[in-house]
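Take a look at the structure set out below.
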Amino acid sequence: MILTNGQTKSRFVEEVIEQQISEGKLRHGERLQSVRGLSNQFEVSISVIQSVLNSLEEKGLIERKHGSGVYVRDHRSTPQRRRADDQILLSIHDQGHVYEELAGYLRNDLIERGLLPITIDHYQMLTMGEQTANFSRHLKDILASGLKGVILDGNHYWRHQFMKDYPGVRTVFMHVLDYPGPMPERAVVVDLEQASYLATAHLAQRGRKKIMLCTFKPDPLSLSPETITRHHSTQLLNGYERALREYDLVAGRRIFYRSETVINAETFQLLMRGPEAPDAIVCDLDYQAMQWVTEALKFGLKVPDDLMVSGMNNTPWTSLCQVPLTSVSFNWKDLAAKAAELVVEDHPKTRIYYLKPQLIERESTGGKENE
């Protein structure tokens with residue numbers, strides 16, 4: 001795929017499909033490839049294809065038929081304008097293994113329900129100000145249009161609480177919560193406390209006595225006391241400490257804050273040559289877990305004999321690691337489906353759902369894959 005200067009992947013794909021329609025290579029009534037098929041053809045992510053299809057549908061060039069697929073629309077006919085109450089505004093991450101997969105599932109689920117997902121840039125939303133005045137006005141117009149609802153990634157939401165000005169718009173928080181006020185009425189979040197507990201308890205059951213937690217440390221100046229108590233870093237710490245207490249390993253408690261220190265050979269040597277060297281590490285991300293395994297092998301340690309390492313989110317890093325990585329898995333398809341259900345549901349009752357994790361054992365902790 002060759003892009004011209006300044007051209008994005010989504011715009012390139014959109015222009016190619018538009019040209020194929022205008023030249024008759026894609027004819028009226030012809031069914032397009034599946035989302036995954038288009039993703040493979042253009043070598044782009046599923047989220048890019050979904051964005052392209054949304055744009056083409058808005059232009060009246062294609063139409064979605066529930067349970068059947070996406071078809072080329074008769075360009076001679078006047079496209080029907082989508083009603084605002086069929087639209088769902090999405091402010092979510094779509095970069096990285098977890099976020100891309102979750103965003104794809106969410107868009108697909110909403111489309112299958114006959115709804116139109118409208119995605120806005122999550123990072124631009126978080127930094128709205130004078131330099132993004134046009135974006136802010138556009139966002140306000142969307143929110144005031146009577147749309148069906150909004151689904152937000154709760155990560156970093158404290159940086160800009162733009163939904164506080166729209167109390168009448170149904171809002172669902174998804175994935176994690178950095179919400180600075182009272183708990184929101186609707187949320188579907190991962191149970192990170194249980195995730196870190198599962199990983200830590202698993203290592204304790206393997207006979208490890210000095211289990212270290214590798215996580216990030218939030219800036220307390222940026223968060224309210226209420227947010228800190230339920231922040232995802234606090235959940236991870238709570239699950240870790242609960243397992244240590246249960247297995248009488250509190251004396252070996254150790255936290256490595258990866259947000260403050262780079263994981264490299266020097267870091268690893270200082271850690272392992274110290275008096276409190278761990279014999280196991282629980283990481284809140286698979287990528288960091290893979291880094292620990294890499295440095296351990298360079299140092300001459302055997303994984304898992306000398307050092308056991310566990311990750312989180314069960315991303316492709318688990319198989320890219322030199323030693324297949326044990327990880328804690330979440331069902332992102334279920335999370336997306338529950339978020340979609342809440343945003344269309346008319347029941348007024350407060351609904352907070354916690355998605356439960358599953359431990360996937362692999363060689364980095366001495367187990368065999370149980371997927």
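FYI, nothing fancy with the structure tokens labels: chains A, B, ... in order, residues from 1 per chain, ligands from 1 as they appear.
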* Residues of region 73-319 of chain A in alpha helix (DSSP H) according to DSSP, as an NGL selection string? -> :A and (97-112 or 122-126 or 133-143 or 192-205 or 225-230 or 232-246 or 265-272 or 286-299 or 317-319)
* Expected answer as number ranges by chain: strand (DSSP E or B) residues in region 180-314 of chain A -> A: 186-190, 211-215, 254-257, 280-283, 308-310
Please produce an output containing C-alpha atoms for each residue in the selection, written as a PDB file, in the first residue's frame.
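Output below, filename part08.pdb:
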ATOM      1  CA  ARG A 186     -23.185   2.849  33.598  1.00  0.00           C
ATOM      2  CA  ALA A 187     -19.797   1.207  33.210  1.00  0.00           C
ATOM      3  CA  VAL A 188     -18.223  -2.036  32.019  1.00  0.00           C
ATOM      4  CA  VAL A 189     -14.707  -2.345  33.386  1.00  0.00           C
ATOM      5  CA  VAL A 190     -12.070  -5.031  33.809  1.00  0.00           C
ATOM      6  CA  ILE A 211       7.151 -11.901  44.255  1.00  0.00           C
ATOM      7  CA  MET A 212       7.545  -8.404  42.823  1.00  0.00           C
ATOM      8  CA  LEU A 213       4.785  -6.332  41.207  1.00  0.00           C
ATOM      9  CA  CYS A 214       5.797  -4.303  38.145  1.00  0.00           C
ATOM     10  CA  THR A 215       3.250  -1.558  37.547  1.00  0.00           C
ATOM     11  CA  ARG A 254       8.215  -5.306  46.541  1.00  0.00           C
ATOM     12  CA  ILE A 255       6.897  -2.789  43.978  1.00  0.00           C
ATOM     13  CA  PHE A 256       8.746  -1.754  40.819  1.00  0.00           C
ATOM     14  CA  TYR A 257       7.215   1.371  39.285  1.00  0.00           C
ATOM     15  CA  ALA A 280       9.061 -13.976  40.436  1.00  0.00           C
ATOM     16  CA  ILE A 281       7.600 -10.884  38.775  1.00  0.00           C
ATOM     17  CA  VAL A 282       3.956  -9.970  38.105  1.00  0.00           C
ATOM     18  CA  CYS A 283       3.604  -7.326  35.364  1.00  0.00           C
ATOM     19  CA  MET A 308       9.149 -16.735  36.905  1.00  0.00           C
ATOM     20  CA  VAL A 309       7.409 -13.913  35.034  1.00  0.00           C
ATOM     21  CA  SER A 310       3.710 -13.280  34.408  1.00  0.00           C
TER      22      SER A 310
END
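Going from CA of Leu116 (chain A) to CA of His175 (chain A) covers 20.8 Å.
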* Which residues, written as number ranges by chain, have at least one atom at most 9 Å from Asp153 (chain A), with only C-alpha atoms counted and residues fewer than 3 positions away on the same chain left out? -> A: 90-93, 122, 156-157, 172-177
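Residue nearest Leu342 (chain A), chosen from A:Ala103, A:Ile111, A:Ile88, A:Met272 and counting only C-alpha atoms: A:Ile88.
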At a cut-off of 9 Å, using only C-alpha atoms, what residues contact Arg113 (chain A)? Leave out same-chain residues fewer than 3 positions from it and give the result as a PDB file with C-alpha atoms, in the first residue's frame.
ATOM      1  CA  HIS A  66     -28.253  -6.561   8.969  1.00  0.00           C
ATOM      2  CA  ASN A 108     -19.032  -4.413  14.898  1.00  0.00           C
ATOM      3  CA  ASP A 109     -21.501  -4.979  17.747  1.00  0.00           C
ATOM      4  CA  LEU A 110     -23.056  -1.528  17.354  1.00  0.00           C
ATOM      5  CA  LEU A 116     -23.886   4.042  13.486  1.00  0.00           C
ATOM      6  CA  ALA A 340     -23.147  -1.805  23.530  1.00  0.00           C
TER       7      ALA A 340
END
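The space separating CA of Ala277 (chain A) from CA of Asp191 (chain A) comes to 28.8 Å.
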* Long-range neighbours of Glu266 (chain A) as JSON, numbers by chain, 12 Å cut-off, only C-alpha atoms, 6 positions minimum in chain -> {"A": [272, 273, 292, 295, 296, 298, 299]}
* **Pairwise distance for CA of Thr365 (chain A) and CA of Thr326 (chain A), rounded to one decimal in Å** => 6.3 Å
* Selection: 12 Å around Glu246 (chain A), only C-alpha atoms, excl. self and same-chain fewer than 4 positions, as a ChimeraX atom specification -> /A:197-198,200-202,204-205,239-242,250
* **Within 9 Å of Gln358 (chain A) using only C-alpha atoms, minus same-chain residues under 5 positions, as a ChimeraX atom specification** => /A:195,198,327-331
* Asked: Of the candidates A:Ile17, A:Leu307, A:Ile263, A:Leu102, which one gets nearest to Leu203 (chain A) if we count only C-alpha atoms?
  -> A:Leu307
* Asked: Of the candidates A:His138, A:Arg64, A:Arg170, A:Arg27, which shows the shortest atom-to-atom distance to Val344 (chain A), using only C-alpha atoms?
  -> A:Arg170
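Using only C-alpha atoms, the smallest distance between any of A:Ile352, A:Gly366, A:Leu297, A:Asp284 and Pro324 (chain A) comes from A:Gly366.
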